[in-house]
Number of protein chains: 4
Amino acid sequence: MPGGYITRIDSMSKAEKLSDRYEFAGAGIGGNKIYDLYLRMDDDVLAKNPDIVLIYVGVNDVWHKSSFGTGTDPDKFEKFYQAVINKIKAKGSKIILVTPAAIGEKTDFSNVQDGDLNKYCNIVRDIAKKNSLPVVDLRKGLLEYNLQHNPDNKDKGILTSDGVHLNPAGNQFVADAMWKAIKELK
Amino acid sequence: MPGGYITRIDSMSKAEKLSDRYEFAGAGIGGNKIYDLYLRMDDDVLAKNPDIVLIYVGVNDVWHKSSFGTGTDPDKFEKFYQAVINKIKAKGSKIILVTPAAIGEKTDFSNVQDGDLNKYCNIVRDIAKKNSLPVVDLRKGLLEYNLQHNPDNKDKGILTSDGVHLNPAGNQFVADAMWKAIKELK
Amino acid sequence: MPGGYITRIDSMSKAEKLSDRYEFAGAGIGGNKIYDLYLRMDDDVLAKNPDIVLIYVGVNDVWHKSSFGTGTDPDKFEKFYQAVINKIKAKGSKIILVTPAAIGEKTDFSNVQDGDLNKYCNIVRDIAKKNSLPVVDLRKGLLEYNLQHNPDNKDKGILTSDGVHLNPAGNQFVADAMWKAIKELK
Amino acid sequence: MPGGYITRIDSMSKAEKLSDRYEFAGAGIGGNKIYDLYLRMDDDVLAKNPDIVLIYVGVNDVWHKSSFGTGTDPDKFEKFYQAVINKIKAKGSKIILVTPAAIGEKTDFSNVQDGDLNKYCNIVRDIAKKNSLPVVDLRKGLLEYNLQHNPDNKDKGILTSDGVHLNPAGNQFVADAMWKAIKELK
């Protein structure tokens, strides 16, 4: 997607003369939850023999609870997340975890699903520790960014267009964080 | 489980001198939804090299929407259901589908989730047609049974203890229906 | 609203030369539940000294459960419904109850919230009996109409535009049913 | 209720030789939301000709969203809250608002409904400002208490038995905060 964070990472890698070392491909599908990734992992990701896989999931697992009644139980979120990691490990690819960033940008933890999203971010961080994997903590980063740039405590419009989907600044923010983690990977 | 429908099917097979032709094993886990079956299918079912697999799932995919916000979207229910079938087909086992029976036993379609459960049963019946597979239509059977035996329109206590979980009569009812389908299988 | 059922009832009363005996006024607000009616009843309805009040409510009390998590508990639906009736009775107006018609027009009870809506219709019918009040049973009528005119089991487009909101045919259907009940009222 | 915060406030008023100036009566009912208070206000509260009314509500308006799908929309929470205040004002009683304290005691805002509860507390605080009424901010106080006394980030057991209902320490905590506000009232 033009303007999306993958395109932006690609541009940065070229600007830094690193494009011979990296090639980027997205495999995300809107509305997917952790078990959807598990179902698609072989065909859509591992078939491409990736060197590195970033797992960026969790917003829909929380968000869909209130909007459709079809979110993911926390214990199953953890179980499928680990199953996805196991599949990638078995393939030999390196892995970077990414915490789900936001459902609303208010900084006083009064976005309706802040509590639940924080809970699932804690699950991602715990999985990272257990598996000794690096984490791009977008949740933490987005909050810190908003504490500086969102003085009116708005629920959207800083890094997202609607509280969930990234605007141009948000795509650059995510691109910066992911690109840093990719370059730091041993 | 003593008194459970699998034990009862086993007893009937012995009473009918068919126990040399059949061996029965349960693999169900309370609270499981269709994607949980997909995750466990290889280890818990296909590793046993079954001749026949009965797929009996769907109540939690609907029920957990209201109780936990973690039901299954209908399109994903269909997708994972087909993926489960594909896994079993690839193994070469025969397959029988079973519709989810009830969340409440009232006969005037005033059980809170009747509409949604009917919808998911329609999905199961459609999948059966597409895959030319037999269906044990417990949903239809339980309603017919209740129309005869539940004149006071109670929401539980006829074939279930609580509207969902089978009582002894319910276990025998399910055992009868499944055993008939198993014997009819070509 | 032009084309709405109140305008249509008014037109019928004029065509039948009964316009000197009746004057019609709507007081409905989109998204209202039974307790909203209770809060507004004095100012928006009883202040007009109505001879007859039709209470037509219930869809949002059920519908908003899944879409926003803010439906109405059945016992509180009943309690506030009775409180609304008591307020109108105290004023001396006559009362006609109306069952909530539909959330989806499928005729095999596979609209997701059919079960819950049927349950709330049963509550309305029970309240009518207890209070010896007439009921315009739109729920029953709409289903019967669809059984005749919706052979393809569509979820909308027969009497509603979207499964909930009335289309022109639906507005006429409701107008006919209400007008009949008004004329029959002693 | 023995051990409840009302009993404790009564005891404190007696210990401080103020029992000739105060008499305390509870009117709370488990499971009530703001519109339930509105319905019961005349009979259960104002009929007693109170000098001071403390409005302590909001947990169920949020909590019941996920457990039953029957929480209260934020705009209606505000509207009914103001209607309750107007009723009490018309009677001439003084009013103290109380923020809903907790659904879970974790201190890192990872209790599932923290975000939504914070949102409703903001509504209560805004209503207090608009009406120039004092607030006992239990939400803020309980968090501060937990930041000191809940170093292991437990979700219950500090001031509540289950994350919602007060244990003995919690009842004393609430009693202290309310008693202070009552004595400060002009």
# chains A, B, ... in the order shown; residues from 1 in each chain; ligands from 1

call {"tool": "calpha_fit_and_write", "arguments": {"fixed": "chain A", "moving": "chain B", "output": "JSON list (two decimals) with C-alpha atoms, in the first residue's frame"}}
result
[["chain", "number", "residue", "atom", "x", "y", "z"],
["B", 1, "MET", "CA", 0.01, 0.01, 0.02],
["B", 2, "PRO", "CA", 1.54, 3.37, -0.99],
["B", 3, "GLY", "CA", 2.16, 5.37, 2.17],
["B", 4, "GLY", "CA", 1.81, 2.26, 4.29],
["B", 5, "TYR", "CA", 4.54, 1.36, 6.77],
["B", 6, "ILE", "CA", 5.95, -1.44, 4.62],
["B", 7, "THR", "CA", 6.44, 0.88, 1.69],
["B", 8, "ARG", "CA", 8.02, 3.39, 4.04],
["B", 9, "ILE", "CA", 10.43, 0.81, 5.48],
["B", 10, "ASP", "CA", 11.38, -0.15, 1.95],
["B", 11, "SER", "CA", 12.07, 3.51, 1.12],
["B", 12, "MET", "CA", 14.22, 3.94, 4.21],
["B", 13, "SER", "CA", 16.23, 0.82, 3.40],
["B", 14, "LYS", "CA", 16.92, 2.22, -0.06],
["B", 15, "ALA", "CA", 17.83, 5.66, 1.30],
["B", 16, "GLU", "CA", 20.28, 3.97, 3.63],
["B", 17, "LYS", "CA", 21.77, 1.92, 0.77],
["B", 18, "LEU", "CA", 20.61, -1.29, 2.41],
["B", 19, "SER", "CA", 18.16, -2.38, -0.26],
["B", 20, "ASP", "CA", 20.47, -5.15, -1.44],
["B", 21, "ARG", "CA", 20.21, -6.74, 2.00],
["B", 22, "TYR", "CA", 16.44, -6.47, 2.50],
["B", 23, "GLU", "CA", 13.26, -7.23, 0.62],
["B", 24, "PHE", "CA", 9.91, -6.52, 2.29],
["B", 25, "ALA", "CA", 6.52, -8.16, 1.83],
["B", 26, "GLY", "CA", 3.24, -7.65, 3.65],
["B", 27, "ALA", "CA", 0.88, -10.48, 4.46],
["B", 28, "GLY", "CA", -1.66, -8.70, 6.64],
["B", 29, "ILE", "CA", -5.39, -8.91, 6.01],
["B", 30, "GLY", "CA", -7.88, -6.51, 7.57],
["B", 31, "GLY", "CA", -9.96, -7.97, 10.39],
["B", 32, "ASN", "CA", -7.60, -10.88, 11.07],
["B", 33, "LYS", "CA", -7.13, -12.25, 14.57],
["B", 34, "ILE", "CA", -4.38, -14.50, 15.88],
["B", 35, "TYR", "CA", -6.09, -17.72, 14.78],
["B", 36, "ASP", "CA", -6.52, -16.37, 11.26],
["B", 37, "LEU", "CA", -2.75, -15.89, 11.10],
["B", 38, "TYR", "CA", -2.29, -19.48, 12.25],
["B", 39, "LEU", "CA", -4.57, -20.74, 9.48],
["B", 40, "ARG", "CA", -2.77, -18.70, 6.78],
["B", 41, "MET", "CA", 0.80, -18.90, 8.06],
["B", 42, "ASP", "CA", 2.03, -21.77, 5.85],
["B", 43, "ASP", "CA", 0.58, -20.53, 2.57],
["B", 44, "ASP", "CA", 0.85, -16.79, 2.97],
["B", 45, "VAL", "CA", 4.09, -16.37, 4.93],
["B", 46, "LEU", "CA", 6.29, -19.44, 5.28],
["B", 47, "ALA", "CA", 5.94, -20.44, 1.61],
["B", 48, "LYS", "CA", 7.96, -17.31, 0.85],
["B", 49, "ASN", "CA", 10.90, -18.56, 2.95],
["B", 50, "PRO", "CA", 11.25, -15.38, 4.97],
["B", 51, "ASP", "CA", 14.46, -14.57, 6.88],
["B", 52, "ILE", "CA", 12.52, -12.48, 9.38],
["B", 53, "VAL", "CA", 8.83, -12.49, 10.31],
["B", 54, "LEU", "CA", 7.20, -9.65, 12.25],
["B", 55, "ILE", "CA", 4.03, -10.69, 14.06],
["B", 56, "TYR", "CA", 1.74, -7.68, 14.39],
["B", 57, "VAL", "CA", -1.65, -8.71, 15.66],
["B", 58, "GLY", "CA", -4.04, -8.19, 18.56],
["B", 59, "VAL", "CA", -6.26, -5.17, 17.91],
["B", 60, "ASN", "CA", -9.09, -7.20, 16.36],
["B", 61, "ASP", "CA", -8.81, -9.89, 19.05],
["B", 62, "VAL", "CA", -9.82, -7.20, 21.54],
["B", 63, "TRP", "CA", -11.85, -4.80, 19.38],
["B", 64, "HIS", "CA", -14.25, -7.37, 17.95],
["B", 65, "LYS", "CA", -15.41, -8.34, 21.45],
["B", 66, "SER", "CA", -17.56, -5.25, 21.73],
["B", 67, "SER", "CA", -18.42, -4.66, 18.10],
["B", 68, "PHE", "CA", -19.31, -8.23, 17.05],
["B", 69, "GLY", "CA", -18.96, -10.45, 20.12],
["B", 70, "THR", "CA", -16.21, -12.30, 18.29],
["B", 71, "GLY", "CA", -12.97, -11.36, 19.99],
["B", 72, "THR", "CA", -10.45, -13.91, 21.21],
["B", 73, "ASP", "CA", -10.25, -15.27, 24.77],
["B", 74, "PRO", "CA", -6.94, -14.27, 26.39],
["B", 75, "ASP", "CA", -5.85, -17.88, 27.01],
["B", 76, "LYS", "CA", -6.56, -18.79, 23.41],
["B", 77, "PHE", "CA", -4.85, -15.66, 22.17],
["B", 78, "GLU", "CA", -1.75, -16.85, 24.01],
["B", 79, "LYS", "CA", -2.06, -20.44, 22.79],
["B", 80, "PHE", "CA", -2.49, -19.52, 19.12],
["B", 81, "TYR", "CA", 0.22, -16.86, 19.36],
["B", 82, "GLN", "CA", 2.65, -19.50, 20.63],
["B", 83, "ALA", "CA", 1.50, -21.90, 17.91],
["B", 84, "VAL", "CA", 2.25, -19.25, 15.27],
["B", 85, "ILE", "CA", 5.72, -18.73, 16.76],
["B", 86, "ASN", "CA", 6.33, -22.48, 16.78],
["B", 87, "LYS", "CA", 5.44, -22.73, 13.10],
["B", 88, "ILE", "CA", 7.87, -19.93, 12.20],
["B", 89, "LYS", "CA", 10.62, -21.32, 14.44],
["B", 90, "ALA", "CA", 10.26, -24.72, 12.78],
["B", 91, "LYS", "CA", 10.88, -23.01, 9.45],
["B", 92, "GLY", "CA", 14.01, -21.36, 10.84],
["B", 93, "SER", "CA", 12.99, -17.73, 10.31],
["B", 94, "LYS", "CA", 13.84, -15.04, 12.84],
["B", 95, "ILE", "CA", 10.90, -13.48, 14.66],
["B", 96, "ILE", "CA", 10.02, -10.00, 15.97],
["B", 97, "LEU", "CA", 6.86, -9.44, 17.99],
["B", 98, "VAL", "CA", 4.86, -6.21, 17.79],
["B", 99, "THR", "CA", 2.32, -5.07, 20.39],
["B", 100, "PRO", "CA", -1.08, -3.87, 19.15],
["B", 101, "ALA", "CA", -0.91, -0.08, 19.23],
["B", 102, "ALA", "CA", -4.25, 1.48, 20.02],
["B", 103, "ILE", "CA", -8.03, 1.49, 19.98],
["B", 104, "GLY", "CA", -8.34, 5.21, 20.63],
["B", 105, "GLU", "CA", -5.55, 7.71, 21.28],
["B", 106, "LYS", "CA", -6.66, 9.31, 24.56],
["B", 107, "THR", "CA", -3.76, 9.43, 27.00],
["B", 108, "ASP", "CA", -5.61, 9.11, 30.31],
["B", 109, "PHE", "CA", -6.58, 5.48, 29.74],
["B", 110, "SER", "CA", -10.19, 6.38, 29.10],
["B", 111, "ASN", "CA", -10.40, 4.79, 25.66],
["B", 112, "VAL", "CA", -13.13, 2.20, 26.16],
["B", 113, "GLN", "CA", -10.97, -0.87, 25.51],
["B", 114, "ASP", "CA", -7.68, 0.41, 26.96],
["B", 115, "GLY", "CA", -7.76, -2.04, 29.85],
["B", 116, "ASP", "CA", -8.31, -5.07, 27.69],
["B", 117, "LEU", "CA", -5.76, -3.96, 25.10],
["B", 118, "ASN", "CA", -3.17, -3.43, 27.85],
["B", 119, "LYS", "CA", -3.90, -6.94, 29.05],
["B", 120, "TYR", "CA", -3.26, -8.44, 25.61],
["B", 121, "CYS", "CA", -0.08, -6.37, 25.27],
["B", 122, "ASN", "CA", 1.10, -7.87, 28.55],
["B", 123, "ILE", "CA", 0.46, -11.31, 27.04],
["B", 124, "VAL", "CA", 2.57, -10.43, 24.00],
["B", 125, "ARG", "CA", 5.38, -9.12, 26.20],
["B", 126, "ASP", "CA", 5.29, -12.28, 28.32],
["B", 127, "ILE", "CA", 5.41, -14.49, 25.24],
["B", 128, "ALA", "CA", 8.40, -12.49, 24.01],
["B", 129, "LYS", "CA", 10.23, -13.10, 27.28],
["B", 130, "LYS", "CA", 9.44, -16.81, 27.34],
["B", 131, "ASN", "CA", 10.66, -17.20, 23.77],
["B", 132, "SER", "CA", 13.57, -14.73, 24.08],
["B", 133, "LEU", "CA", 12.26, -12.68, 21.19],
["B", 134, "PRO", "CA", 12.54, -8.94, 20.57],
["B", 135, "VAL", "CA", 9.42, -6.77, 20.81],
["B", 136, "VAL", "CA", 8.52, -3.61, 18.97],
["B", 137, "ASP", "CA", 6.36, -2.12, 21.71],
["B", 138, "LEU", "CA", 4.07, 0.08, 19.61],
["B", 139, "ARG", "CA", 1.56, 0.30, 22.44],
["B", 140, "LYS", "CA", 4.10, 1.90, 24.74],
["B", 141, "GLY", "CA", 5.58, 4.03, 21.97],
["B", 142, "LEU", "CA", 2.26, 5.36, 20.74],
["B", 143, "LEU", "CA", 1.22, 6.35, 24.25],
["B", 144, "GLU", "CA", 4.53, 8.18, 24.83],
["B", 145, "TYR", "CA", 4.15, 9.95, 21.49],
["B", 146, "ASN", "CA", 0.61, 11.01, 22.35],
["B", 147, "LEU", "CA", 1.60, 12.24, 25.80],
["B", 148, "GLN", "CA", 3.85, 14.69, 23.95],
["B", 149, "HIS", "CA", 1.75, 15.49, 20.90],
["B", 150, "ASN", "CA", -1.86, 15.10, 22.05],
["B", 151, "PRO", "CA", -2.28, 17.74, 24.76],
["B", 152, "ASP", "CA", -6.06, 17.95, 24.24],
["B", 153, "ASN", "CA", -6.56, 14.24, 24.93],
["B", 154, "LYS", "CA", -8.21, 13.61, 21.54],
["B", 155, "ASP", "CA", -9.24, 10.06, 20.76],
["B", 156, "LYS", "CA", -7.95, 10.14, 17.17],
["B", 157, "GLY", "CA", -6.10, 12.22, 14.61],
["B", 158, "ILE", "CA", -2.58, 12.11, 16.04],
["B", 159, "LEU", "CA", -1.16, 8.85, 14.68],
["B", 160, "THR", "CA", -4.46, 7.32, 13.58],
["B", 161, "SER", "CA", -7.34, 8.51, 11.43],
["B", 162, "ASP", "CA", -10.06, 6.87, 13.53],
["B", 163, "GLY", "CA", -8.36, 5.67, 16.70],
["B", 164, "VAL", "CA", -7.29, 2.39, 15.11],
["B", 165, "HIS", "CA", -6.10, 2.79, 11.53],
["B", 166, "LEU", "CA", -2.79, 4.59, 11.00],
["B", 167, "ASN", "CA", -2.67, 7.97, 9.31],
["B", 168, "PRO", "CA", 0.49, 9.06, 7.41],
["B", 169, "ALA", "CA", 2.25, 10.13, 10.62],
["B", 170, "GLY", "CA", 1.24, 6.83, 12.20],
["B", 171, "ASN", "CA", 2.55, 4.81, 9.30],
["B", 172, "GLN", "CA", 5.89, 6.62, 9.54],
["B", 173, "PHE", "CA", 5.91, 6.08, 13.32],
["B", 174, "VAL", "CA", 5.37, 2.33, 12.88],
["B", 175, "ALA", "CA", 7.86, 2.16, 10.02],
["B", 176, "ASP", "CA", 10.55, 3.85, 12.14],
["B", 177, "ALA", "CA", 10.01, 1.49, 15.05],
["B", 178, "MET", "CA", 9.98, -1.66, 12.92],
["B", 179, "TRP", "CA", 12.94, -0.64, 10.77],
["B", 180, "LYS", "CA", 15.00, 0.04, 13.90],
["B", 181, "ALA", "CA", 14.14, -3.41, 15.28],
["B", 182, "ILE", "CA", 14.92, -5.11, 11.98],
["B", 183, "LYS", "CA", 18.37, -3.50, 11.77],
["B", 184, "GLU", "CA", 19.13, -4.36, 15.39],
["B", 185, "LEU", "CA", 18.28, -8.02, 14.87],
["B", 186, "LYS", "CA", 21.26, -10.32, 15.25]]

call {"tool": "select_by_dssp", "arguments": {"residues": "segment 21-175 of chain B", "states": "helix (DSSP H, G or I)", "output": "PyMOL selection string"}}
result
chain B and resi 34-48+59-68+74-91+114-130+138-149+168-175

call {"tool": "select_by_dssp", "arguments": {"residues": "segment 121-176 of chain D", "states": "strand (DSSP E or B)", "output": "PyMOL selection string"}}
result
chain D and resi 135-136+160+166
